[in-house]
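This report concerns only the one structure given below.
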Amino acid sequence: MKHIIFPLIISACLISCNNTELEKLNHKVSSLEKQNDSLIDIISKSELQKAKNTQLYLIPQTFELKSNKVNTIEGILSEIQKYPEFELHYYNESNIYDDSNKIEYKKTGDNKFEFDYIPKETSANQEIRVVVVYKINNSKINLFGYTNAPVK
């Protein structure tokens, strides 16, 4: 009889411990499922907000479109958001700039700015090279931009 009771007591303890562990795991799974649903909802709302705050730029590959011919147009999606303060400079062919090349600009929106440019010479194409310089947390981030346009 002693041999039968002892294994029954051990079995009962193991089953009750397993039930407690199982309840903890079920509770944890339920909690994680709720968190997952919440995160999916947040991501969905974030994607919707991002789509609402997007601008579309259309840029023809040539300055003149050809009648009755295929013309390629590039589309660029840009998210409208508030950007940190920055400096604007002209840079040279070697991607070098300094404070003497600093450009005065005017912010025209959260993600837009404009500056005046006066070509120094008449040429088939005037190259305009600018760099946006962010200085954030002791780091410097450079965003180089380039365009060209005919000068008349």
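Ordering of the structure tokens sets the chain letters (A, B, ...); residue numbers start at 1 within each chain; ligands are numbered from 1 in the order shown.
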Which of stretch 30-84 of chain A fall in strand (DSSP E or B), as a VMD selection string | chain A and resid 54 to 60 73 to 79
List the neighbours of A:Gln126 out to 12 Å using only C-alpha atoms; skip same-chain residues closer than 3 positions along the sequence, and give me the result as a list in words.
-> Tyr117, Ile118, Pro119, Lys120, Glu121, Thr122, Ser123, Arg129, Tyr146, Thr147, Asn148, Ala149, Pro150, Val151 and Lys152 of chain A
Distance criterion (only C-alpha atoms): nearest to A:Tyr90 out of A:Lys112, A:Asp37, A:Asn142, A:Lys107 |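 That would be A:Asn142, the residue with the smallest distance to A:Tyr90.
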Residue nearest A:Asp99 among A:Gln81, A:Glu127, A:Val133, A:Ser30 (counting only C-alpha atoms) |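 Of A:Gln81, A:Glu127, A:Val133, A:Ser30, the one nearest A:Asp99, counting only C-alpha atoms, is A:Val133.
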Determine which residues of stretch 2-152 of chain A receive a DSSP assignment of alpha helix (DSSP H), computed from the backbone, and state them as a PyMOL selection string.
-> chain A and resi 2-52
Using only C-alpha atoms, the shortest atom-to-atom distance to A:Lys50 among A:Val70, A:Leu32, A:Ile80, A:Ser38 belongs to A:Ile80
